[in-house]
>>> print(open('query_20.txt').read())   # compact mmCIF, C-alpha atoms and all ligand atoms
# COMPACT_ATOMS: atom_id res chain seq x y z
CA MET A 182 39.99 12.57 33.56
CA LYS A 183 39.59 15.70 31.45
CA ASP A 184 36.34 16.40 29.59
CA THR A 185 35.71 15.40 26.00
CA ALA A 186 35.36 18.10 23.34
CA LEU A 187 32.77 20.83 23.67
CA ARG A 188 31.78 20.47 20.02
CA ILE A 189 30.04 17.20 20.84
CA ALA A 190 28.73 18.23 24.26
CA ASP A 191 25.08 18.23 23.21
CA PHE A 192 25.28 15.20 20.88
CA LYS A 193 23.19 12.17 21.79
CA ASP A 194 22.87 8.72 20.23
CA SER A 195 21.11 9.26 16.88
CA ILE A 196 17.40 8.54 16.77
CA PHE A 197 18.04 5.76 14.21
CA GLY A 198 20.40 3.91 16.55
CA VAL A 199 18.08 4.38 19.52
CA ILE A 200 15.03 3.08 17.68
CA SER A 201 16.82 0.09 16.15
CA ARG A 202 18.12 -0.87 19.62
CA LEU A 203 14.64 -0.56 21.16
CA ALA A 204 13.15 -2.57 18.29
CA ARG A 205 15.59 -5.40 19.03
CA GLU A 206 15.02 -5.22 22.79
CA HIS A 207 11.22 -5.36 22.43
CA GLN A 208 11.20 -7.66 19.40
CA ALA A 209 9.23 -5.09 17.45
CA VAL A 210 8.84 -5.11 13.66
CA ASN A 211 11.31 -2.41 12.60
CA LEU A 212 9.88 0.21 10.23
CA GLY A 213 12.15 2.81 11.83
CA GLN A 214 15.66 3.14 10.41
CA GLY A 215 15.60 3.64 6.64
CA PHE A 216 17.17 0.62 4.97
CA PRO A 217 15.78 -2.31 2.96
CA ASP A 218 15.45 -5.50 5.05
CA PHE A 219 15.94 -7.47 1.81
CA ASP A 220 19.14 -7.94 -0.14
CA GLY A 221 20.39 -5.74 -2.97
CA PRO A 222 20.57 -6.92 -6.61
CA GLU A 223 22.44 -10.15 -7.39
CA PHE A 224 24.27 -8.59 -10.34
CA MET A 225 25.87 -6.02 -8.03
CA LYS A 226 27.09 -8.71 -5.65
CA ASP A 227 28.51 -10.70 -8.58
CA ILE A 228 30.32 -7.63 -9.87
CA VAL A 229 31.94 -6.77 -6.56
CA TYR A 230 33.16 -10.34 -6.16
CA LYS A 231 34.60 -10.22 -9.67
CA LYS A 232 36.30 -6.91 -8.93
CA MET A 233 37.91 -8.36 -5.82
CA LYS A 234 39.07 -11.43 -7.73
CA GLU A 235 40.51 -9.18 -10.43
CA GLY A 236 42.67 -7.51 -7.80
CA HIS A 237 40.97 -4.18 -7.11
CA ASN A 238 41.90 -4.40 -3.46
CA GLN A 239 44.42 -1.68 -2.60
CA TYR A 240 43.87 2.00 -1.80
CA ALA A 241 41.88 3.86 -4.42
CA PRO A 242 42.98 7.32 -5.61
CA PHE A 243 41.84 9.83 -2.95
CA PRO A 244 39.07 11.51 -4.99
CA GLY A 245 37.64 8.14 -6.10
CA THR A 246 38.52 5.60 -8.80
CA PRO A 247 38.71 7.10 -12.32
CA ASN A 248 36.11 4.57 -13.49
CA LEU A 249 33.54 5.52 -10.90
CA ARG A 250 34.06 9.27 -11.30
CA GLN A 251 33.66 8.83 -15.06
CA GLU A 252 30.44 6.84 -14.66
CA ILE A 253 29.02 9.36 -12.18
CA SER A 254 29.79 12.12 -14.68
CA ASN A 255 28.22 10.02 -17.47
CA TYR A 256 24.93 9.46 -15.67
CA TYR A 257 24.48 13.12 -14.74
CA GLU A 258 24.99 13.91 -18.42
CA ARG A 259 22.73 11.09 -19.63
CA PHE A 260 19.84 11.63 -17.21
CA TYR A 261 19.95 15.36 -16.55
CA ARG A 262 22.18 16.99 -19.21
CA LEU A 263 24.46 18.18 -16.40
CA SER A 264 28.15 18.08 -17.18
CA TYR A 265 30.71 17.51 -14.44
CA ASN A 266 34.39 17.00 -15.15
CA PRO A 267 35.30 13.72 -13.42
CA GLU A 268 38.85 14.98 -12.80
CA THR A 269 37.94 18.19 -11.03
CA GLN A 270 34.24 18.18 -10.12
CA VAL A 271 33.35 14.69 -8.88
CA THR A 272 34.45 13.20 -5.52
CA VAL A 273 33.60 9.77 -4.13
CA THR A 274 32.80 9.55 -0.41
CA VAL A 275 31.85 7.03 2.26
CA GLY A 276 28.13 7.40 1.64
CA ALA A 277 26.23 10.67 1.45
CA THR A 278 26.90 11.15 5.16
CA GLU A 279 30.60 11.76 4.56
CA ALA A 280 29.69 13.95 1.58
CA ILE A 281 27.55 16.18 3.83
CA TYR A 282 30.35 16.41 6.38
CA LEU A 283 32.98 17.30 3.77
CA VAL A 284 30.88 20.03 2.18
CA ILE A 285 30.15 21.61 5.54
CA MET A 286 33.71 21.29 6.88
CA GLY A 287 35.05 22.59 3.57
CA LEU A 288 32.79 25.66 3.44
CA ILE A 289 31.72 26.71 6.92
CA ASN A 290 33.71 28.89 9.32
CA PRO A 291 32.84 29.23 13.01
CA GLY A 292 29.91 31.63 13.25
CA ASP A 293 28.70 31.10 9.68
CA GLU A 294 24.99 30.41 9.42
CA VAL A 295 23.49 27.51 7.49
CA ILE A 296 19.79 27.32 6.64
CA VAL A 297 18.30 23.89 7.26
CA LEU A 298 14.77 23.13 6.15
CA GLU A 299 13.10 21.15 8.93
CA PRO A 300 12.30 18.28 9.19
CA PHE A 301 15.92 17.58 8.17
CA TYR A 302 18.21 14.58 7.97
CA ASP A 303 19.93 14.61 11.34
CA SER A 304 23.55 14.65 10.21
CA TYR A 305 23.15 18.14 8.69
CA VAL A 306 22.89 19.85 12.05
CA ALA A 307 25.55 17.64 13.65
CA SER A 308 28.02 18.45 10.86
CA ILE A 309 27.23 22.17 11.05
CA LYS A 310 27.90 22.12 14.78
CA MET A 311 31.17 20.23 14.34
CA ALA A 312 32.28 22.99 11.95
CA GLY A 313 31.34 25.64 14.53
CA GLY A 314 28.55 26.90 12.28
CA ILE A 315 25.07 27.92 13.34
CA PRO A 316 22.10 25.95 12.01
CA VAL A 317 19.15 28.23 11.22
CA PRO A 318 15.93 26.22 10.85
CA VAL A 319 13.08 27.10 8.49
CA THR A 320 10.00 24.91 8.78
CA MET A 321 8.40 23.01 5.90
CA HIS A 322 4.79 23.31 7.02
CA ALA A 323 2.43 20.32 7.16
CA PRO A 324 0.34 18.91 5.55
CA ASP A 325 2.19 19.50 2.25
CA PHE A 326 5.50 20.43 3.88
CA THR A 327 5.74 23.69 2.00
CA ILE A 328 8.17 26.53 2.64
CA ASP A 329 6.88 30.02 3.32
CA VAL A 330 9.16 32.19 1.19
CA LYS A 331 8.73 35.10 3.62
CA GLU A 332 9.95 32.94 6.50
CA LEU A 333 12.87 31.71 4.44
CA THR A 334 13.81 35.25 3.41
CA ALA A 335 13.66 36.39 7.03
CA ALA A 336 16.01 33.59 8.09
CA ILE A 337 18.78 34.72 5.73
CA SER A 338 21.34 37.08 7.28
CA PRO A 339 24.66 38.53 6.12
CA ARG A 340 26.30 35.58 7.90
CA THR A 341 24.36 32.96 5.94
CA LYS A 342 26.65 30.99 3.66
CA LEU A 343 24.87 27.76 2.79
CA LEU A 344 21.34 26.39 2.47
CA ILE A 345 20.67 22.65 2.61
CA LEU A 346 17.78 21.19 0.66
CA ASN A 347 16.79 17.53 0.42
CA ASN A 348 14.78 16.38 -2.60
CA PRO A 349 13.09 13.86 -2.67
CA HIS A 350 12.62 14.52 0.99
CA ASN A 351 13.31 12.33 4.02
CA PRO A 352 11.22 12.00 6.25
CA THR A 353 8.12 13.35 4.46
CA GLY A 354 8.31 11.59 1.07
CA LYS A 355 7.73 14.97 -0.58
CA VAL A 356 9.04 15.58 -4.09
CA TRP A 357 9.57 19.30 -4.55
CA ALA A 358 7.71 20.94 -7.42
CA LYS A 359 9.73 22.99 -9.90
CA ASP A 360 8.26 26.33 -8.79
CA GLU A 361 9.05 25.54 -5.14
CA LEU A 362 12.65 24.73 -6.03
CA GLU A 363 12.88 27.87 -8.13
CA ALA A 364 11.69 30.04 -5.25
CA VAL A 365 14.50 28.71 -3.04
CA ALA A 366 17.02 28.91 -5.87
CA LYS A 367 16.13 32.55 -6.52
CA LEU A 368 16.90 33.46 -2.91
CA THR A 369 20.26 31.67 -2.97
CA ILE A 370 21.18 33.66 -6.08
CA GLN A 371 19.97 36.97 -4.58
CA HIS A 372 21.93 36.39 -1.38
CA ASP A 373 24.90 34.65 -3.00
CA LEU A 374 24.57 31.41 -1.00
CA TYR A 375 25.81 27.93 -1.74
CA LEU A 376 23.07 25.32 -1.97
CA LEU A 377 23.77 21.77 -0.84
CA SER A 378 21.25 19.58 -2.65
CA ASP A 379 20.92 16.17 -1.01
CA GLU A 380 19.45 14.01 -3.76
CA VAL A 381 20.11 10.54 -2.39
CA TYR A 382 16.55 9.47 -3.30
CA GLU A 383 16.81 10.88 -6.85
CA PHE A 384 15.61 7.62 -8.43
CA LEU A 385 12.91 6.86 -5.87
CA VAL A 386 10.16 8.97 -7.42
CA PHE A 387 6.80 7.52 -8.34
CA ASP A 388 3.72 8.14 -10.47
CA GLY A 389 5.65 9.31 -13.52
CA ILE A 390 7.12 12.34 -11.74
CA LYS A 391 10.57 13.31 -12.97
CA HIS A 392 13.26 14.23 -10.46
CA ILE A 393 14.56 17.76 -10.96
CA PRO A 394 18.17 18.18 -9.83
CA THR A 395 18.58 21.63 -8.28
CA ALA A 396 21.69 22.17 -10.40
CA THR A 397 19.54 22.13 -13.56
CA LEU A 398 17.62 25.26 -12.52
CA GLU A 399 18.61 28.46 -14.27
CA GLY A 400 21.71 30.02 -12.77
CA MET A 401 22.18 27.22 -10.22
CA LYS A 402 24.80 24.89 -11.68
CA ASP A 403 27.79 26.67 -10.19
CA ARG A 404 26.42 27.34 -6.71
CA THR A 405 24.73 23.95 -6.23
CA ILE A 406 26.64 21.11 -4.59
CA THR A 407 24.83 17.88 -5.43
CA ILE A 408 25.25 14.72 -3.40
CA SER A 409 23.87 11.26 -3.92
CA SER A 410 24.44 7.68 -2.79
CA ALA A 411 24.57 4.20 -4.30
CA GLY A 412 23.15 2.96 -0.99
CA LYS A 413 19.68 4.13 -1.99
CA THR A 414 19.85 3.59 -5.74
CA PHE A 415 20.96 -0.02 -5.47
CA GLY A 416 19.33 -0.84 -2.13
CA LEU A 417 22.82 -1.52 -0.73
CA THR A 418 23.00 0.86 2.20
CA GLY A 419 25.89 -1.09 3.76
CA TRP A 420 28.20 -0.45 0.81
CA LYS A 421 28.49 3.22 1.77
CA ILE A 422 29.43 4.69 -1.60
CA GLY A 423 28.34 8.29 -2.10
CA TRP A 424 29.52 11.26 -4.14
CA ILE A 425 29.70 15.02 -4.49
CA CYS A 426 29.36 16.95 -7.75
CA ALA A 427 30.36 20.59 -7.41
CA ASN A 428 32.40 23.35 -8.99
CA GLU A 429 36.19 23.06 -8.88
CA LYS A 430 36.68 25.35 -5.89
CA VAL A 431 34.18 23.52 -3.70
CA THR A 432 35.39 20.14 -4.94
CA GLN A 433 38.94 21.03 -3.95
CA ALA A 434 37.76 22.12 -0.48
CA CYS A 435 35.87 18.83 0.01
CA ARG A 436 38.84 16.80 -1.16
CA LEU A 437 41.19 18.58 1.23
CA VAL A 438 38.96 17.52 4.13
CA HIS A 439 38.38 14.03 2.69
CA GLN A 440 42.12 13.28 2.45
CA TYR A 441 42.43 13.58 6.22
CA VAL A 442 39.11 12.00 7.23
CA THR A 443 38.96 8.84 5.12
CA PHE A 444 41.43 9.58 2.28
CA ALA A 445 40.32 6.61 0.16
CA VAL A 446 37.01 4.80 -0.20
CA SER A 447 36.65 0.99 -0.60
CA THR A 448 38.12 0.14 -4.01
CA PRO A 449 36.12 -2.96 -5.06
CA MET A 450 32.86 -1.33 -4.00
CA GLN A 451 33.67 1.74 -6.11
CA GLU A 452 34.51 -0.40 -9.13
CA ALA A 453 31.26 -2.33 -8.72
CA VAL A 454 29.16 0.83 -8.39
CA ALA A 455 30.81 2.13 -11.58
CA GLU A 456 29.53 -0.97 -13.41
CA GLY A 457 26.13 -0.64 -11.74
CA LEU A 458 25.74 2.97 -12.90
CA LYS A 459 26.33 1.85 -16.50
CA GLN A 460 23.32 -0.45 -16.11
CA LEU A 461 20.93 2.16 -14.65
CA PRO A 462 18.68 2.37 -17.74
CA ASP A 463 17.95 -1.38 -17.53
CA TYR A 464 17.92 -1.57 -13.76
CA LEU A 465 15.82 1.43 -12.75
CA PRO A 466 12.33 0.48 -14.05
CA GLY A 467 12.26 -2.72 -11.94
CA PHE A 468 13.71 -0.90 -8.94
CA VAL A 469 11.07 1.83 -9.01
CA GLU A 470 8.30 -0.73 -9.59
CA LEU A 471 9.42 -2.75 -6.56
CA TYR A 472 9.25 0.24 -4.21
CA LYS A 473 6.08 1.60 -5.76
CA GLY A 474 4.38 -1.71 -5.07
CA LYS A 475 5.43 -1.54 -1.43
CA ARG A 476 4.34 2.06 -1.12
CA ASP A 477 0.92 1.39 -2.64
CA SER A 478 0.12 -1.68 -0.58
CA PHE A 479 1.39 -0.26 2.71
CA TYR A 480 -0.43 3.02 2.10
CA ALA A 481 -3.69 1.17 1.43
CA GLU A 482 -3.28 -0.75 4.69
CA MET A 483 -2.49 2.40 6.65
CA LYS A 484 -5.64 4.03 5.24
CA LYS A 485 -7.66 1.00 6.36
CA LEU A 486 -6.20 1.45 9.84
CA GLY A 487 -7.62 4.97 9.84
CA PHE A 488 -4.44 6.95 9.19
CA ASP A 489 -5.29 9.84 6.93
CA PHE A 490 -2.54 11.43 4.82
CA SER A 491 -1.58 11.90 1.20
CA LEU A 492 0.40 9.39 -0.79
CA PRO A 493 4.16 10.18 -0.67
CA LYS A 494 5.58 10.85 -4.13
CA GLY A 495 9.16 9.81 -3.40
CA THR A 496 11.67 8.12 -1.04
CA TYR A 497 10.75 5.07 1.04
CA PHE A 498 9.20 6.97 3.90
CA MET A 499 5.72 8.00 4.98
CA MET A 500 5.13 10.83 7.43
CA VAL A 501 1.96 9.68 9.13
CA PRO A 502 -0.25 11.96 11.28
CA ILE A 503 -1.11 10.35 14.62
CA ALA A 504 -3.69 12.68 16.20
CA LYS A 505 -6.64 10.43 15.24
CA HIS A 506 -5.11 7.55 17.19
CA THR A 507 -3.59 9.19 20.25
CA LYS A 508 -3.23 12.27 22.40
CA LEU A 509 0.44 11.39 22.99
CA ASN A 510 3.30 13.21 21.27
CA ASP A 511 5.44 11.41 18.67
CA VAL A 512 8.12 10.20 21.09
CA ASP A 513 5.66 8.78 23.63
CA PHE A 514 3.47 7.25 20.93
CA ALA A 515 6.53 5.71 19.23
CA MET A 516 7.53 4.19 22.60
CA LYS A 517 4.04 2.84 23.14
CA LEU A 518 3.99 1.30 19.65
CA ILE A 519 7.34 -0.38 20.20
CA LYS A 520 6.46 -1.77 23.62
CA GLU A 521 2.76 -2.58 23.26
CA ASN A 522 2.13 -3.02 19.53
CA LYS A 523 5.62 -4.27 18.63
CA VAL A 524 6.09 -1.86 15.74
CA ALA A 525 9.10 0.49 15.62
CA THR A 526 8.89 3.85 13.83
CA VAL A 527 10.89 7.07 14.00
CA PRO A 528 9.50 10.03 15.98
CA PRO A 529 10.20 12.96 13.66
CA SER A 530 10.59 15.63 16.33
CA ALA A 531 14.26 14.55 16.23
CA PHE A 532 14.38 16.25 12.81
CA TYR A 533 13.22 19.67 14.03
CA LEU A 534 15.02 22.47 15.89
CA LYS A 535 12.25 25.06 15.99
CA SER A 536 8.74 23.85 15.25
CA THR A 537 6.75 21.32 17.29
CA GLU A 538 4.93 20.13 14.15
CA GLY A 539 6.93 16.90 14.21
CA GLU A 540 5.21 15.80 17.42
CA LYS A 541 2.05 15.10 15.44
CA PHE A 542 3.62 12.48 13.14
CA LEU A 543 5.52 9.23 13.00
CA ARG A 544 7.82 8.23 10.16
CA PHE A 545 7.29 4.75 8.72
CA CYS A 546 9.85 3.17 6.39
CA PHE A 547 8.28 0.87 3.79
CA ALA A 548 11.55 -0.43 2.27
CA LYS A 549 10.75 -3.78 3.81
CA LYS A 550 9.79 -7.31 2.72
CA GLU A 551 6.08 -7.90 2.18
CA GLU A 552 6.06 -10.19 5.22
CA THR A 553 7.63 -7.47 7.40
CA LEU A 554 5.06 -4.91 6.25
CA ARG A 555 2.23 -7.44 6.76
CA ALA A 556 3.45 -8.24 10.28
CA ALA A 557 3.58 -4.51 11.11
CA VAL A 558 0.03 -4.00 9.83
CA GLU A 559 -1.22 -6.99 11.86
CA ASN A 560 0.40 -5.57 15.00
CA LEU A 561 -1.07 -2.13 14.36
CA LYS A 562 -4.57 -3.59 14.18
CA GLY A 563 -4.45 -3.68 17.97
CA LEU A 564 -4.44 0.12 18.07
N1 LIG B 601 20.70 12.06 3.23
C1 LIG B 601 19.48 11.57 3.47
C2 LIG B 601 18.30 12.42 3.22
C3 LIG B 601 19.34 10.28 3.96
O1 LIG B 601 18.13 9.77 4.20
C4 LIG B 601 20.49 9.52 4.21
C5 LIG B 601 20.40 8.17 4.89
N2 LIG B 601 20.02 7.21 4.25
C6 LIG B 601 21.75 10.06 3.91
C7 LIG B 601 21.81 11.34 3.45
C8 LIG B 601 23.00 9.29 4.15
O2 LIG B 601 23.25 8.38 3.15
P1 LIG B 601 24.40 7.29 3.22
O3 LIG B 601 23.81 6.06 3.80
O4 LIG B 601 24.83 7.12 1.79
O5 LIG B 601 25.50 7.84 4.06
N1 LIG B 602 18.93 7.44 6.16
C1 LIG B 602 18.33 6.42 6.97
C2 LIG B 602 17.14 7.00 7.68
O1 LIG B 602 16.79 8.14 7.48
C3 LIG B 602 19.31 5.83 7.96
C4 LIG B 602 20.08 6.84 8.68
C5 LIG B 602 21.00 6.36 9.74
O2 LIG B 602 20.85 5.27 10.30
N2 LIG B 602 21.90 7.20 10.09
O3 LIG B 602 16.52 6.31 8.40
>>> encode(input="query_20.txt", output="structure tokens", more="lines below")
Ligand code: PMP
Ligand code: GLN
Amino acid sequence: MKDTALRIADFKDSIFGVISRLAREHQAVNLGQGFPDFDGPEFMKDIVYKKMKEGHNQYAPFPGTPNLRQEISNYYERFYRLSYNPETQVTVTVGATEAIYLVIMGLINPGDEVIVLEPFYDSYVASIKMAGGIPVPVTMHAPDFTIDVKELTAAISPRTKLLILNNPHNPTGKVWAKDELEAVAKLTIQHDLYLLSDEVYEFLVFDGIKHIPTATLEGMKDRTITISSAGKTFGLTGWKIGWICANEKVTQACRLVHQYVTFAVSTPMQEAVAEGLKQLPDYLPGFVELYKGKRDSFYAEMKKLGFDFSLPKGTYFMMVPIAKHTKLNDVDFAMKLIKENKVATVPPSAFYLKSTEGEKFLRFCFAKKEETLRAAVENLKGL
């Protein structure tokens, strides 16, 4: 039989799938793949059932239901004073993953370069490769995962078209400070680049910090493409409702790809997310409190186990240095933890193209029930 396509020749099973499979095989407590192991809010499940009963069950309009696009537009206005026209600047996607794919397929020609800040969410590089683009990594240096502006400047070439930034940041839990964001923004303006701002964890910020959407920075509204996902905000990762807010030209490009990839996203789920977004002001304080509690207690336990790192300010991940506990690299140590200690984590070297800094860490997801986190801590005591 003939070969499969070259564009996927170097693709492997994603690290999330691999780790979840190993966790099952070895009956390890799974703090690897990022998803809550508890259910999402009851009110959201009630709404989706109601929407199905009311007959919202056929294909939705391709760009998303008018209700959901309106509510997305409303919350950007309400929370951030950002105005997006729901008709021409908001597109609903199958999670943020499809959003990333659409933006890249809609913008990138073969040979175009895309700056990715490593460690990065793995689908960025896969999508860039599928478009025939060239990922150009710039490292966020530990321990604070900061960007060296000189390194970033040096990575930009005349072929650079897009830069991808994730804030709050998976896997490190970093929340970018305004001056850090501004330094990146300034370069994108100087070099006339698009900036894809992956803000799926926009509401998972702790300690009174306020999320700063990249599009709110001076001169950035038009060149920033913002994506987010109801999966994170409502703890319903299986619903797979995401969105893109961008200028009209980029929106049109994304929609042209979308119409041939998925063309329409689940109608009742969209209608339910629209209702959920209306309730954000009431819902968010409890949501943030829930995850903050998990972060604080798991962090305290990790400190007691001798892991030394600073408290993550956002997301539901911790990037934990391992050198005090092992001479192994991240992949080997992750394997040992799964097999011997029965705790699954993600080895972050999968999120790097250039630097080996990831080998010194493991990523722990704390979006888990108290009993799951307690079981993981018990198992780690054997270290
Ligand atoms: N971006 C980041 C940074 C993520 O962590 C994830 C995965 N949760 C996604 C995008 C994809 O989100 P979704 O599940 O909505 O496709
Ligand atoms: N975003 C989640 C993570 O970072 C899950 C990703 C996935 O399974 N593709 O773990």
>>> axis_aligned_box(input="query_20.txt", around="ligand LIG 602 (chain B)", padding_each_side="6 Å", output="AutoDock Vina command-line options")
--center_x 19.2 --center_y 6.7 --center_z 8.2 --size_x 17.4 --size_y 14.9 --size_z 16.1
>>> residues_near_point(input="query_20.txt", point="(38.4, 3.2, -2.2)", cutoff="9 Å", atoms="only C-alpha atoms", output="MDAnalysis selection string")
chainID A and resid 238:246 273:275 444:452
>>> write_last_selection(input="query_20.txt", atoms="C-alpha atoms", output="short mmCIF file (atom, residue, chain, number, x, y, z; two decimals), in the coordinates of the input")
data_model
loop_
_atom_site.label_atom_id
_atom_site.label_comp_id
_atom_site.auth_asym_id
_atom_site.auth_seq_id
_atom_site.Cartn_x
_atom_site.Cartn_y
_atom_site.Cartn_z
CA ASN A 238 41.90 -4.40 -3.46
CA GLN A 239 44.42 -1.68 -2.60
CA TYR A 240 43.87 2.00 -1.80
CA ALA A 241 41.88 3.86 -4.42
CA PRO A 242 42.98 7.32 -5.61
CA PHE A 243 41.84 9.83 -2.95
CA PRO A 244 39.07 11.51 -4.99
CA GLY A 245 37.64 8.14 -6.10
CA THR A 246 38.52 5.60 -8.80
CA VAL A 273 33.60 9.77 -4.13
CA THR A 274 32.80 9.55 -0.41
CA VAL A 275 31.85 7.03 2.26
CA PHE A 444 41.43 9.58 2.28
CA ALA A 445 40.32 6.61 0.16
CA VAL A 446 37.01 4.80 -0.20
CA SER A 447 36.65 0.99 -0.60
CA THR A 448 38.12 0.14 -4.01
CA PRO A 449 36.12 -2.96 -5.06
CA MET A 450 32.86 -1.33 -4.00
CA GLN A 451 33.67 1.74 -6.11
CA GLU A 452 34.51 -0.40 -9.13
#
>>> residues_near_ligand(input="query_20.txt", ligand="ligand LIG 601 (chain B)", cutoff="10 Å", atoms="only C-alpha atoms and all ligand atoms", output="number ranges by chain")
A: 197, 214-216, 274-281, 301-305, 346-352, 378-382, 408-414, 417-424, 496-498
>>> closest_residue(input="query_20.txt", among="A:Ile196, A:Ala358, A:Ala396, A:Ile228", to="ligand LIG 602 (chain B)", atoms="only C-alpha atoms and all ligand atoms")
A:Ile196
>>> closest_residue(input="query_20.txt", among="A:Lys485, A:Lys459, A:His506, A:Arg202", to="ligand LIG 602 (chain B)", atoms="only C-alpha atoms and all ligand atoms")
A:Arg202
>>> atom_distance(input="query_20.txt", atom1="atom CA of A:Ser308", atom2="atom CA of A:Glu294")
12.4 Å
>>> atom_distance(input="query_20.txt", atom1="atom CA of A:Lys359", atom2="atom CA of A:Thr327")
12.6 Å
>>> closest_residue(input="query_20.txt", among="A:Val306, A:Val319, A:Leu437, A:Val284", to="A:Leu333", atoms="only C-alpha atoms")
A:Val319
>>> closest_residue(input="query_20.txt", among="A:Ile309, A:Leu561, A:Ala525, A:Met182", to="ligand LIG 602 (chain B)", atoms="all atoms listed in the file")
A:Ala525
>>> closest_residue(input="query_20.txt", among="A:Leu344, A:Ala531, A:Ala364, A:Ala336", to="A:Ile200", atoms="all atoms listed in the file")
A:Ala531
>>> residues_near_point(input="query_20.txt", point="(30.1, -7.0, -8.7)", cutoff="10 Å", atoms="only C-alpha atoms", output="list in words")
Pro222, Glu223, Phe224, Met225, Lys226, Asp227, Ile228, Val229, Tyr230, Lys231, Lys232, Met233, Pro449, Met450, Gln451, Glu452, Ala453, Val454, Ala455, Glu456 and Gly457 of chain A
>>> residues_around(input="query_20.txt", residues="A:Arg259", least_positions_apart="5", cutoff="12 Å", atoms="all atoms listed in the file", output="list of chain:residue names")
A:Glu252, A:Ile253, A:Ser254, A:Ser264, A:Tyr265, A:Leu458, A:Lys459, A:Leu461, A:Pro462
>>> atom_distance(input="query_20.txt", atom1="atom CA of A:Ile406", atom2="atom CA of A:Lys494")
23.4 Å
>>> closest_residue(input="query_20.txt", among="A:Glu521, A:Ser478, A:Thr432, A:Asn255", to="A:Gln460", atoms="all atoms listed in the file")
A:Asn255
>>> decode(input="query_20.txt", residues="stretch 359-377 of chain A", atoms="C-alpha atoms", output="PDB file, in the first residue's frame")
ATOM      1  CA  LYS A 359       1.726  43.660  31.679  1.00  0.00           C
ATOM      2  CA  ASP A 360       5.261  44.821  30.861  1.00  0.00           C
ATOM      3  CA  GLU A 361       6.187  41.351  29.580  1.00  0.00           C
ATOM      4  CA  LEU A 362       3.134  41.306  27.321  1.00  0.00           C
ATOM      5  CA  GLU A 363       3.913  44.816  26.133  1.00  0.00           C
ATOM      6  CA  ALA A 364       7.461  43.846  25.176  1.00  0.00           C
ATOM      7  CA  VAL A 365       6.134  41.056  22.939  1.00  0.00           C
ATOM      8  CA  ALA A 366       3.343  43.257  21.597  1.00  0.00           C
ATOM      9  CA  LYS A 367       5.837  45.972  20.658  1.00  0.00           C
ATOM     10  CA  LEU A 368       7.825  43.522  18.537  1.00  0.00           C
ATOM     11  CA  THR A 369       4.719  42.257  16.742  1.00  0.00           C
ATOM     12  CA  ILE A 370       3.853  45.857  15.865  1.00  0.00           C
ATOM     13  CA  GLN A 371       7.421  46.670  14.742  1.00  0.00           C
ATOM     14  CA  HIS A 372       7.562  43.588  12.526  1.00  0.00           C
ATOM     15  CA  ASP A 373       3.915  43.649  11.464  1.00  0.00           C
ATOM     16  CA  LEU A 374       3.081  40.172  12.802  1.00  0.00           C
ATOM     17  CA  TYR A 375      -0.221  38.644  13.778  1.00  0.00           C
ATOM     18  CA  LEU A 376      -0.416  37.528  17.395  1.00  0.00           C
ATOM     19  CA  LEU A 377      -2.493  34.487  18.311  1.00  0.00           C
TER      20      LEU A 377
END
